[in-house]
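For reference, run-v4.txt (compact mmCIF, C-alpha atoms and all ligand atoms):
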# COMPACT_ATOMS: atom_id res chain seq x y z
CA MET A 3 29.02 8.35 -9.47
CA ALA A 4 25.38 7.58 -8.55
CA LEU A 5 24.74 4.19 -6.96
CA THR A 6 22.62 1.62 -8.81
CA LEU A 7 20.27 -0.62 -6.89
CA LEU A 8 17.96 -3.53 -7.71
CA ALA A 9 14.87 -3.75 -5.46
CA ILE A 10 12.58 -6.75 -5.02
CA GLU A 11 9.07 -6.84 -3.52
CA SER A 12 7.29 -10.15 -2.83
CA SER A 13 5.40 -9.65 0.43
CA CYS A 14 1.91 -10.56 -0.77
CA ASP A 15 0.59 -11.26 -4.27
CA GLU A 16 2.65 -8.97 -6.51
CA THR A 17 6.10 -10.05 -7.68
CA ALA A 18 7.88 -6.79 -8.42
CA ALA A 19 11.37 -5.57 -9.30
CA ALA A 20 12.72 -2.07 -9.87
CA VAL A 21 16.08 -0.50 -10.68
CA MET A 22 17.04 2.85 -9.16
CA GLN A 23 20.10 4.96 -9.95
CA GLY A 24 20.75 7.92 -7.65
CA ASN A 25 17.38 9.66 -7.31
CA ARG A 26 15.91 8.17 -10.46
CA ILE A 27 13.74 5.07 -10.87
CA LEU A 28 14.95 3.50 -14.14
CA SER A 29 12.43 0.66 -14.27
CA ASN A 30 9.48 -0.55 -12.22
CA CYS A 31 8.05 -3.96 -13.21
CA ILE A 32 5.22 -5.94 -11.66
CA ALA A 33 3.78 -9.41 -12.27
CA THR A 34 0.30 -9.46 -10.74
CA GLN A 35 -0.94 -12.89 -9.67
CA ASN A 36 -4.39 -13.55 -11.06
CA VAL A 37 -4.65 -17.05 -9.59
CA HIS A 38 -6.28 -15.72 -6.38
CA SER A 39 -9.40 -14.12 -7.86
CA ALA A 40 -11.22 -17.48 -8.05
CA PHE A 41 -10.75 -17.89 -4.27
CA GLY A 42 -11.92 -14.43 -3.19
CA GLY A 43 -8.61 -13.67 -1.45
CA VAL A 44 -4.89 -14.38 -1.52
CA VAL A 45 -4.05 -18.09 -1.07
CA PRO A 46 -0.59 -18.08 0.58
CA GLU A 47 0.65 -21.35 -0.93
CA LEU A 48 -0.39 -20.30 -4.44
CA ALA A 49 1.20 -16.88 -3.90
CA SER A 50 4.61 -18.31 -3.02
CA ARG A 51 4.52 -20.69 -6.01
CA ALA A 52 3.64 -17.83 -8.34
CA HIS A 53 6.48 -15.71 -6.89
CA GLN A 54 8.86 -18.60 -7.66
CA GLN A 55 7.69 -18.63 -11.26
CA ASN A 56 7.68 -14.85 -11.70
CA ILE A 57 10.75 -13.63 -9.89
CA VAL A 58 13.41 -14.43 -12.49
CA PRO A 59 11.42 -13.02 -15.48
CA VAL A 60 10.44 -9.88 -13.53
CA VAL A 61 14.01 -9.17 -12.38
CA ARG A 62 15.29 -9.75 -15.91
CA GLU A 63 12.65 -7.36 -17.31
CA ALA A 64 13.53 -4.70 -14.72
CA LEU A 65 17.24 -4.90 -15.61
CA GLU A 66 16.53 -4.87 -19.36
CA ASN A 67 14.12 -1.92 -19.15
CA ALA A 68 16.69 -0.02 -17.09
CA GLY A 69 19.49 -0.85 -19.53
CA VAL A 70 21.56 -2.11 -16.61
CA SER A 71 23.51 -5.37 -16.20
CA LEU A 72 24.00 -7.34 -13.00
CA LEU A 73 27.60 -6.15 -12.87
CA ASP A 74 26.44 -2.50 -12.70
CA LEU A 75 24.59 -3.08 -9.42
CA ASN A 76 25.89 -1.67 -6.12
CA GLY A 77 23.26 -3.31 -3.92
CA ILE A 78 20.14 -5.45 -3.73
CA ALA A 79 17.16 -4.33 -1.63
CA PHE A 80 14.30 -6.63 -0.68
CA THR A 81 11.16 -6.51 1.45
CA SER A 82 11.73 -8.56 4.59
CA GLY A 83 8.24 -7.96 6.07
CA PRO A 84 5.49 -7.59 7.02
CA GLY A 85 3.79 -10.06 4.71
CA LEU A 86 3.15 -13.72 3.99
CA MET A 87 5.99 -16.01 5.09
CA GLY A 88 6.09 -18.12 1.92
CA SER A 89 5.92 -15.04 -0.32
CA LEU A 90 8.61 -13.13 1.58
CA LEU A 91 10.94 -16.16 1.57
CA VAL A 92 11.04 -16.15 -2.23
CA GLY A 93 12.21 -12.51 -2.36
CA VAL A 94 14.60 -12.87 0.58
CA SER A 95 16.25 -16.01 -0.80
CA PHE A 96 16.55 -14.57 -4.28
CA ALA A 97 18.01 -11.28 -3.03
CA LYS A 98 20.47 -13.02 -0.72
CA GLY A 99 21.67 -15.41 -3.40
CA LEU A 100 22.15 -12.65 -5.95
CA ALA A 101 23.86 -10.22 -3.56
CA MET A 102 26.17 -12.96 -2.30
CA GLY A 103 26.97 -14.10 -5.81
CA LEU A 104 27.77 -10.56 -6.93
CA GLY A 105 29.58 -9.69 -3.68
CA ILE A 106 27.49 -6.56 -3.09
CA PRO A 107 25.49 -5.28 -0.06
CA LEU A 108 22.06 -6.64 0.79
CA VAL A 109 19.54 -4.08 2.06
CA GLU A 110 16.52 -5.13 4.10
CA VAL A 111 13.36 -3.03 3.73
CA ASP A 112 10.17 -2.71 5.78
CA HIS A 113 7.16 -2.85 3.46
CA MET A 114 5.22 -0.16 5.38
CA GLN A 115 8.25 2.15 5.42
CA ALA A 116 8.45 1.63 1.66
CA HIS A 117 4.82 2.72 1.10
CA VAL A 118 5.60 5.99 2.94
CA LEU A 119 8.97 6.56 1.25
CA ALA A 120 7.43 6.24 -2.22
CA HIS A 121 6.76 9.97 -1.72
CA ARG A 122 10.52 10.61 -1.83
CA ILE A 123 10.72 9.49 -5.46
CA GLY A 124 10.93 12.47 -7.78
CA GLN A 125 12.12 10.89 -11.03
CA HIS A 126 10.08 8.10 -12.49
CA ALA A 127 10.55 5.14 -14.84
CA ASP A 128 8.55 6.84 -17.63
CA GLY A 129 11.05 9.72 -17.66
CA THR A 130 8.72 12.22 -15.95
CA GLU A 131 9.47 14.10 -12.74
CA SER A 132 7.40 15.26 -9.78
CA THR A 133 8.02 17.04 -6.48
CA ALA A 134 9.15 14.66 -3.75
CA ALA A 135 7.66 15.26 -0.30
CA GLU A 136 10.15 16.94 2.02
CA PHE A 137 10.55 15.74 5.59
CA PRO A 138 8.77 16.02 7.93
CA PHE A 139 5.44 14.88 6.54
CA LEU A 140 2.40 13.05 7.86
CA CYS A 141 1.43 9.95 5.89
CA LEU A 142 -1.85 8.02 5.95
CA THR A 143 -1.03 4.52 4.71
CA VAL A 144 -4.14 2.55 3.78
CA SER A 145 -3.72 -0.91 2.31
CA GLY A 146 -5.21 -4.39 2.40
CA GLY A 147 -3.19 -5.30 5.48
CA HIS A 148 -2.62 -1.98 7.26
CA THR A 149 -4.14 1.36 8.14
CA GLN A 150 -1.59 3.65 9.76
CA LEU A 151 -0.91 7.31 10.42
CA VAL A 152 2.85 7.79 10.24
CA TRP A 153 4.96 10.82 11.10
CA ALA A 154 7.98 10.75 8.77
CA GLU A 155 10.97 12.84 9.87
CA ALA A 156 13.73 11.11 7.92
CA TRP A 157 14.05 7.96 5.80
CA ASN A 158 14.82 5.96 8.95
CA ARG A 159 12.78 7.98 11.48
CA LEU A 160 9.13 7.01 11.08
CA THR A 161 6.73 7.00 14.03
CA VAL A 162 3.31 5.34 13.98
CA LEU A 163 0.84 7.78 15.56
CA GLY A 164 -2.24 5.61 15.14
CA GLN A 165 -3.36 2.41 13.43
CA THR A 166 -6.26 0.03 13.06
CA ARG A 167 -7.15 -2.13 16.06
CA ASP A 168 -8.74 -4.79 13.85
CA ASP A 169 -9.36 -4.88 10.08
CA ALA A 170 -7.46 -2.65 7.66
CA ALA A 171 -9.58 -0.29 5.55
CA GLY A 172 -8.75 -2.20 2.33
CA GLU A 173 -9.54 -5.50 4.03
CA ALA A 174 -12.97 -4.16 5.10
CA LEU A 175 -13.68 -3.01 1.53
CA ASP A 176 -12.58 -6.39 0.15
CA LYS A 177 -14.74 -8.30 2.66
CA VAL A 178 -17.82 -6.16 1.96
CA ALA A 179 -17.25 -6.64 -1.78
CA LYS A 180 -17.05 -10.41 -1.31
CA LEU A 181 -20.32 -10.37 0.69
CA ILE A 182 -22.15 -8.79 -2.23
CA GLY A 183 -20.53 -11.00 -4.86
CA LEU A 184 -17.90 -8.67 -6.32
CA PRO A 185 -14.56 -10.16 -7.49
CA TYR A 186 -11.34 -10.00 -5.46
CA PRO A 187 -9.83 -7.53 -4.75
CA GLY A 188 -13.07 -5.67 -4.18
CA GLY A 189 -11.71 -2.18 -3.42
CA PRO A 190 -11.40 -1.05 -7.07
CA HIS A 191 -14.90 -2.46 -7.83
CA ILE A 192 -16.42 -0.53 -4.92
CA ASP A 193 -14.63 2.60 -6.18
CA ARG A 194 -16.08 2.14 -9.69
CA LEU A 195 -19.63 1.25 -8.58
CA ALA A 196 -19.80 3.98 -5.92
CA GLU A 197 -19.42 6.61 -8.61
CA HIS A 198 -23.09 6.21 -9.57
CA GLY A 199 -24.46 5.55 -6.07
CA ASN A 200 -26.02 7.66 -3.35
CA PRO A 201 -23.82 7.54 -0.20
CA HIS A 202 -26.73 8.52 2.07
CA VAL A 203 -29.00 5.52 1.34
CA PHE A 204 -27.49 3.16 3.93
CA VAL A 205 -26.50 4.49 7.34
CA LEU A 206 -23.54 2.48 8.61
CA PRO A 207 -21.79 2.63 12.00
CA LYS A 208 -18.80 4.90 12.58
CA THR A 209 -16.58 3.46 15.28
CA LYS A 210 -14.44 5.96 17.15
CA MET A 211 -11.34 4.52 18.80
CA PRO A 212 -9.12 6.23 21.37
CA GLY A 213 -6.27 8.47 20.23
CA LEU A 214 -5.57 8.28 16.51
CA ASP A 215 -6.50 4.62 16.10
CA PHE A 216 -9.02 3.17 13.65
CA SER A 217 -11.50 0.27 13.63
CA PHE A 218 -13.24 -1.17 10.57
CA SER A 219 -14.51 -4.58 11.71
CA GLY A 220 -17.84 -3.11 12.94
CA LEU A 221 -18.54 -1.77 9.47
CA LYS A 222 -18.00 -5.18 7.91
CA THR A 223 -20.31 -6.82 10.50
CA ALA A 224 -22.98 -4.15 9.95
CA VAL A 225 -22.95 -4.82 6.21
CA LEU A 226 -23.11 -8.58 6.85
CA ASN A 227 -26.19 -8.09 9.08
CA LEU A 228 -27.77 -5.76 6.52
CA VAL A 229 -27.21 -8.27 3.72
CA VAL A 230 -28.58 -11.22 5.75
CA LYS A 231 -31.71 -9.27 6.83
CA SER A 232 -32.36 -7.81 3.39
CA ARG A 233 -31.89 -11.15 1.62
CA ALA A 234 -34.60 -12.69 3.83
CA LEU A 235 -37.00 -10.32 2.03
CA ASP A 236 -35.24 -10.07 -1.34
CA PRO A 237 -32.74 -12.84 -2.18
CA GLN A 238 -31.25 -10.64 -4.93
CA PHE A 239 -30.17 -7.89 -2.49
CA PRO A 240 -28.35 -5.53 -3.09
CA GLY A 241 -29.41 -5.94 -6.77
CA ASP A 242 -30.13 -2.50 -8.20
CA GLN A 243 -29.04 -0.94 -4.89
CA THR A 244 -25.46 -2.21 -5.34
CA ALA A 245 -24.14 1.23 -6.32
CA ASP A 246 -25.86 2.88 -3.32
CA LEU A 247 -24.44 0.28 -0.94
CA CYS A 248 -20.93 0.68 -2.40
CA ALA A 249 -21.19 4.47 -2.16
CA SER A 250 -22.42 4.28 1.46
CA VAL A 251 -19.62 1.90 2.51
CA GLN A 252 -16.96 3.90 0.70
CA ALA A 253 -18.18 7.19 2.21
CA THR A 254 -18.11 5.68 5.72
CA VAL A 255 -14.52 4.45 5.25
CA VAL A 256 -13.33 7.71 3.69
CA GLU A 257 -14.93 9.80 6.43
CA ALA A 258 -13.30 7.70 9.18
CA LEU A 259 -9.88 8.02 7.50
CA VAL A 260 -10.10 11.72 6.77
CA ASN A 261 -11.44 12.64 10.23
CA ARG A 262 -8.43 10.96 11.82
CA LEU A 263 -6.07 12.58 9.34
CA ARG A 264 -7.53 15.97 10.22
CA GLU A 265 -6.96 15.32 13.94
CA ALA A 266 -3.41 14.15 13.26
CA ILE A 267 -2.66 17.33 11.29
CA GLU A 268 -3.88 19.40 14.25
CA GLN A 269 -1.81 17.38 16.73
CA THR A 270 1.44 17.37 14.74
CA GLY A 271 1.17 20.78 13.08
CA ALA A 272 2.04 19.03 9.80
CA VAL A 273 2.20 21.25 6.72
CA ARG A 274 2.74 18.33 4.33
CA ILE A 275 0.44 15.30 4.23
CA ALA A 276 0.65 12.20 2.06
CA LEU A 277 -1.49 9.23 1.18
CA ALA A 278 -0.04 5.76 0.57
CA GLY A 279 -0.98 2.09 0.09
CA GLY A 280 -3.40 0.32 -2.23
CA VAL A 281 -6.52 2.17 -1.05
CA SER A 282 -4.86 5.49 -1.93
CA ALA A 283 -5.93 4.64 -5.50
CA ASN A 284 -9.51 5.28 -4.35
CA ARG A 285 -10.89 8.37 -6.03
CA ALA A 286 -13.19 9.46 -3.21
CA LEU A 287 -10.31 9.24 -0.73
CA ARG A 288 -7.97 11.15 -3.03
CA ASN A 289 -10.57 13.90 -3.51
CA ALA A 290 -11.20 14.15 0.23
CA VAL A 291 -7.46 14.48 0.93
CA VAL A 292 -7.09 17.16 -1.74
CA HIS A 293 -9.92 19.07 -0.03
CA LEU A 294 -7.81 19.22 3.13
CA GLU A 295 -5.29 21.38 1.25
CA LYS A 296 -7.66 24.34 1.28
CA GLU A 297 -9.44 23.49 4.48
CA MET A 298 -6.29 23.13 6.59
CA GLY A 299 -3.66 25.01 4.61
CA VAL A 300 -1.50 21.93 4.03
CA ARG A 301 0.13 20.55 0.91
CA ALA A 302 -1.20 17.12 -0.06
CA PHE A 303 0.94 14.51 -1.86
CA LEU A 304 -1.05 11.80 -3.63
CA PRO A 305 0.90 8.80 -4.92
CA ARG A 306 1.11 8.16 -8.64
CA MET A 307 -1.05 5.14 -9.51
CA GLU A 308 1.97 2.88 -10.01
CA TYR A 309 3.07 3.54 -6.40
CA CYS A 310 -0.34 2.95 -4.76
CA THR A 311 -0.52 -0.84 -4.82
CA ASP A 312 2.54 -2.94 -4.03
CA ASN A 313 5.56 -2.20 -6.21
CA ALA A 314 9.34 -2.37 -6.01
CA ALA A 315 10.07 1.31 -6.76
CA MET A 316 9.00 2.12 -3.20
CA VAL A 317 11.34 -0.60 -1.89
CA ALA A 318 14.11 0.96 -3.97
CA ALA A 319 13.42 4.37 -2.38
CA VAL A 320 14.18 2.97 1.09
CA GLY A 321 16.98 0.73 -0.19
CA MET A 322 18.78 3.63 -1.86
CA ALA A 323 18.54 5.83 1.26
CA ALA A 324 20.00 2.97 3.33
CA LEU A 325 22.73 2.17 0.80
CA GLU A 326 23.76 5.84 0.60
CA ALA A 327 23.90 5.92 4.42
CA GLY A 328 26.05 2.76 4.43
CA VAL A 329 23.37 0.64 6.11
CA SER A 330 23.19 -2.97 4.94
CA ALA A 331 21.82 -6.28 6.23
CA SER A 332 23.58 -9.41 7.41
CA PHE A 333 23.39 -12.44 5.13
CA ARG A 334 21.96 -14.26 8.16
CA THR A 335 18.76 -12.24 7.92
CA SER A 336 15.50 -13.87 6.92
CA ALA A 337 11.81 -13.13 6.28
CA LYS A 338 10.05 -11.23 9.05
CA PRO A 339 6.31 -11.72 8.42
CA GLY A 340 5.31 -9.98 11.67
CA ARG A 341 7.66 -7.03 11.23
CA GLN A 342 6.04 -3.78 12.49
CA LEU A 343 6.73 -0.10 12.25
CA ARG A 344 6.37 1.46 15.71
O1 LIG B 1 -0.94 -1.90 -0.74
P1 LIG B 1 -1.67 -3.02 -1.38
O2 LIG B 1 -1.45 -3.29 -2.83
O3 LIG B 1 -1.38 -4.39 -0.68
C1 LIG B 1 -1.21 -4.52 0.68
O4 LIG B 1 -0.07 -4.28 1.16
O5 LIG B 1 -2.23 -4.82 1.34
O6 LIG B 1 -3.24 -2.77 -1.11
C2 LIG B 1 -4.24 -3.63 -1.60
C3 LIG B 1 -5.59 -3.07 -1.16
C4 LIG B 1 -6.76 -4.04 -1.42
O7 LIG B 1 -7.54 -4.10 -0.24
C5 LIG B 1 -7.53 -3.37 -2.56
O8 LIG B 1 -8.91 -3.65 -2.55
C6 LIG B 1 -7.27 -1.92 -2.27
O9 LIG B 1 -5.92 -1.87 -1.91
N1 LIG B 1 -7.52 -1.03 -3.45
C7 LIG B 1 -8.51 -0.13 -3.49
C8 LIG B 1 -8.45 0.49 -4.77
N2 LIG B 1 -7.39 -0.06 -5.45
C9 LIG B 1 -6.84 -0.99 -4.61
N3 LIG B 1 -9.45 0.20 -2.59
C10 LIG B 1 -10.34 1.14 -2.93
N4 LIG B 1 -10.34 1.78 -4.13
C11 LIG B 1 -9.42 1.49 -5.06
N5 LIG B 1 -9.43 2.13 -6.24
ZN ZN B 2 1.40 -2.85 0.52
Can you give me the file's structure in the form of structure tokens?
Amino acid sequence: MALTLLAIESSCDETAAAVMQGNRILSNCIATQNVHSAFGGVVPELASRAHQQNIVPVVREALENAGVSLLDLNGIAFTSGPGLMGSLLVGVSFAKGLAMGLGIPLVEVDHMQAHVLAHRIGQHADGTESTAAEFPFLCLTVSGGHTQLVWAEAWNRLTVLGQTRDDAAGEALDKVAKLIGLPYPGGPHIDRLAEHGNPHVFVLPKTKMPGLDFSFSGLKTAVLNLVVKSRALDPQFPGDQTADLCASVQATVVEALVNRLREAIEQTGAVRIALAGGVSANRALRNAVVHLEKEMGVRAFLPRMEYCTDNAAMVAAVGMAALEAGVSASFRTSAKPGRQLR
């Protein structure tokens, strides 16, 4: 009999719950917090309050959509970190209380491991199926908090080959967007505006770090300097050059990511590559990664849109692998905001 698992994600500003049975995601529900857009970024205190309000309705919706009752569950998985302390605590406390009350195992999940393992999901909540990435595969995880190249050999054997030394790629996009007056989160707006822009209009710096590491803070500073200088002459800047600026910034970020991915493929001999995290929704990045299929003879796995930004199906993918392997957490565990894949 296949195991049934409830998974909870609350590391940042999405309150999410999913139900998985065997290999199949039965439901995948998300309550996005809109309260942060007015502040141009996630406000931790507001995020944890919104998680408190959303968690019960989201879990109930996930169970109802899956057609599963609490008594059918064999385990509860939750994200223990990395993330915001107050946000994580809501998910941890809820998961602990429920698992203890039901007398079932508690499974602790690393958020970055979950982004990678979303590629192991082959059967989705809408009833469709897709090919899950087989191990080993190389994953480029690009989100608002992280930029990592990860070598995935098994559900519990992930090695970070390179990562950002400063800002994450999504964070750089969000900060640039804020500088030019776009709403938070800016990444999707840059994606949309860049479509009609010329990526060669603004020449921005490309920082090369040692090994397979990344750096994006120089890009953000270069755009800040450009905006300050240009506004001295034209206070409306970037005005009708907004699309060109977005296209130039996006192209610089995509090139930095894909160049490193190319090097990592050469170093590891990977034949399967995957993209994960919120920025993997970016169309220019997706296209560039698909191009590598022909160029380097690899198979590229792009996440479905519902698995790009934070979601609980990806937490369920790790939770189910752990539960099936008999790995569970102590009820003494707590939130681990600084948790890191190594
Ligand atoms: O994985 P995620 O939902 O949360 C974190 O764990 O950080 O990623 C959020 C990030 C934000 O920086 C957001 O701007 C970016 O993903 N993002 C995008 C797009 N959609 C979301 N960046 C570029 N293009 C997009 N289409
Ligand atoms: Zn994430």
Note to self: Excluding Arg334 in chain A and its own-chain neighbours fewer than 3 positions away, which residues fall within 12 Å of it when counting all atoms listed in the file? Please give them as a PyMOL selection string.
What the structure shows: chain A and resi 94-95+98-99+102+108+110+330-331+337
Neighbours of ligand LIG 1 (chain B) at 10 Å or closer, counting all atoms listed in the file: which residues, as a PDB file with C-alpha atoms, in the coordinates of the input?
ATOM      1  CA  SER A  13       5.400  -9.650   0.430  1.00  0.00           C
ATOM      2  CA  CYS A  14       1.910 -10.560  -0.770  1.00  0.00           C
ATOM      3  CA  ASP A  15       0.590 -11.260  -4.270  1.00  0.00           C
ATOM      4  CA  GLU A  16       2.650  -8.970  -6.510  1.00  0.00           C
ATOM      5  CA  GLY A  43      -8.610 -13.670  -1.450  1.00  0.00           C
ATOM      6  CA  PRO A  84       5.490  -7.590   7.020  1.00  0.00           C
ATOM      7  CA  GLY A  85       3.790 -10.060   4.710  1.00  0.00           C
ATOM      8  CA  HIS A 113       7.160  -2.850   3.460  1.00  0.00           C
ATOM      9  CA  MET A 114       5.220  -0.160   5.380  1.00  0.00           C
ATOM     10  CA  HIS A 117       4.820   2.720   1.100  1.00  0.00           C
ATOM     11  CA  THR A 143      -1.030   4.520   4.710  1.00  0.00           C
ATOM     12  CA  VAL A 144      -4.140   2.550   3.780  1.00  0.00           C
ATOM     13  CA  SER A 145      -3.720  -0.910   2.310  1.00  0.00           C
ATOM     14  CA  GLY A 146      -5.210  -4.390   2.400  1.00  0.00           C
ATOM     15  CA  GLY A 147      -3.190  -5.300   5.480  1.00  0.00           C
ATOM     16  CA  HIS A 148      -2.620  -1.980   7.260  1.00  0.00           C
ATOM     17  CA  THR A 149      -4.140   1.360   8.140  1.00  0.00           C
ATOM     18  CA  ALA A 170      -7.460  -2.650   7.660  1.00  0.00           C
ATOM     19  CA  ALA A 171      -9.580  -0.290   5.550  1.00  0.00           C
ATOM     20  CA  GLY A 172      -8.750  -2.200   2.330  1.00  0.00           C
ATOM     21  CA  GLU A 173      -9.540  -5.500   4.030  1.00  0.00           C
ATOM     22  CA  ALA A 174     -12.970  -4.160   5.100  1.00  0.00           C
ATOM     23  CA  LEU A 175     -13.680  -3.010   1.530  1.00  0.00           C
ATOM     24  CA  ASP A 176     -12.580  -6.390   0.150  1.00  0.00           C
ATOM     25  CA  LYS A 177     -14.740  -8.300   2.660  1.00  0.00           C
ATOM     26  CA  ALA A 179     -17.250  -6.640  -1.780  1.00  0.00           C
ATOM     27  CA  PRO A 185     -14.560 -10.160  -7.490  1.00  0.00           C
ATOM     28  CA  TYR A 186     -11.340 -10.000  -5.460  1.00  0.00           C
ATOM     29  CA  PRO A 187      -9.830  -7.530  -4.750  1.00  0.00           C
ATOM     30  CA  GLY A 188     -13.070  -5.670  -4.180  1.00  0.00           C
ATOM     31  CA  GLY A 189     -11.710  -2.180  -3.420  1.00  0.00           C
ATOM     32  CA  PRO A 190     -11.400  -1.050  -7.070  1.00  0.00           C
ATOM     33  CA  HIS A 191     -14.900  -2.460  -7.830  1.00  0.00           C
ATOM     34  CA  ILE A 192     -16.420  -0.530  -4.920  1.00  0.00           C
ATOM     35  CA  ASP A 193     -14.630   2.600  -6.180  1.00  0.00           C
ATOM     36  CA  ARG A 194     -16.080   2.140  -9.690  1.00  0.00           C
ATOM     37  CA  ALA A 196     -19.800   3.980  -5.920  1.00  0.00           C
ATOM     38  CA  GLN A 252     -16.960   3.900   0.700  1.00  0.00           C
ATOM     39  CA  VAL A 255     -14.520   4.450   5.250  1.00  0.00           C
ATOM     40  CA  VAL A 256     -13.330   7.710   3.690  1.00  0.00           C
ATOM     41  CA  ALA A 278      -0.040   5.760   0.570  1.00  0.00           C
ATOM     42  CA  GLY A 279      -0.980   2.090   0.090  1.00  0.00           C
ATOM     43  CA  GLY A 280      -3.400   0.320  -2.230  1.00  0.00           C
ATOM     44  CA  VAL A 281      -6.520   2.170  -1.050  1.00  0.00           C
ATOM     45  CA  SER A 282      -4.860   5.490  -1.930  1.00  0.00           C
ATOM     46  CA  ALA A 283      -5.930   4.640  -5.500  1.00  0.00           C
ATOM     47  CA  ASN A 284      -9.510   5.280  -4.350  1.00  0.00           C
ATOM     48  CA  ARG A 285     -10.890   8.370  -6.030  1.00  0.00           C
ATOM     49  CA  ALA A 286     -13.190   9.460  -3.210  1.00  0.00           C
ATOM     50  CA  LEU A 287     -10.310   9.240  -0.730  1.00  0.00           C
ATOM     51  CA  ARG A 288      -7.970  11.150  -3.030  1.00  0.00           C
ATOM     52  CA  MET A 307      -1.050   5.140  -9.510  1.00  0.00           C
ATOM     53  CA  TYR A 309       3.070   3.540  -6.400  1.00  0.00           C
ATOM     54  CA  CYS A 310      -0.340   2.950  -4.760  1.00  0.00           C
ATOM     55  CA  THR A 311      -0.520  -0.840  -4.820  1.00  0.00           C
ATOM     56  CA  ASP A 312       2.540  -2.940  -4.030  1.00  0.00           C
ATOM     57  CA  ASN A 313       5.560  -2.200  -6.210  1.00  0.00           C
TER      58      ASN A 313
END
Check: Near Gly88 in chain A, within 9 Å and counting all atoms listed in the file, which residues show up once chain neighbours fewer than 2 positions away are dropped, as a ChimeraX atom specification?
Finding: /A:13,46-47,49-51,85-86,90-92,337
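In this comparison, which uses all atoms listed in the file, the residue of A:Asp246, A:Asp236, A:Glu155, A:Glu297 approaching Arg264 in chain A most closely is A:Glu297.
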Check: In terms of the shortest atom-to-atom distance over all atoms listed in the file, which of A:Leu140, A:Val178, A:Leu184, A:Ala323 is closest to Ser219 in chain A?
Finding: A:Val178
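Taking CA of Ala52 in chain A and CA of Thr17 in chain A as the two end points, the separation is 8.2 Å.
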Checklist line | Pick from A:Leu72, A:Ala156, A:Val60, A:Leu104 nearest to Ala327 in chain A, counting all atoms listed in the file | finding: A:Ala156
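Among the candidates A:Leu195, A:Ala120, A:Val260, A:Val291, the one nearest to Val320 in chain A when counting all atoms listed in the file is A:Ala120.
In this model, the gap between CA of Arg62 in chain A and CA of Ala318 in chain A comes to 16.1 Å.
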Notebook entry, point to check: Looking at all atoms listed in the file, which of A:Val118, A:Ala9, A:Leu226, A:Val152 is the one that sits closest to ligand ZN 2 (chain B)?
Noted result: A:Val118
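Picture a line from CA of Ala319 in chain A to CA of Phe216 in chain A; it runs 27.6 Å.
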Note to self: When you count all atoms listed in the file, which of these residues is closest to ligand ZN 2 (chain B): A:Ala276, A:Leu343, A:Ile123, A:Ala116?
What the structure shows: A:Ala116
Checklist line | Within 10 Å of Ala101 in chain A using all atoms listed in the file, minus same-chain residues under 5 positions, as a count of residues only | finding: 14
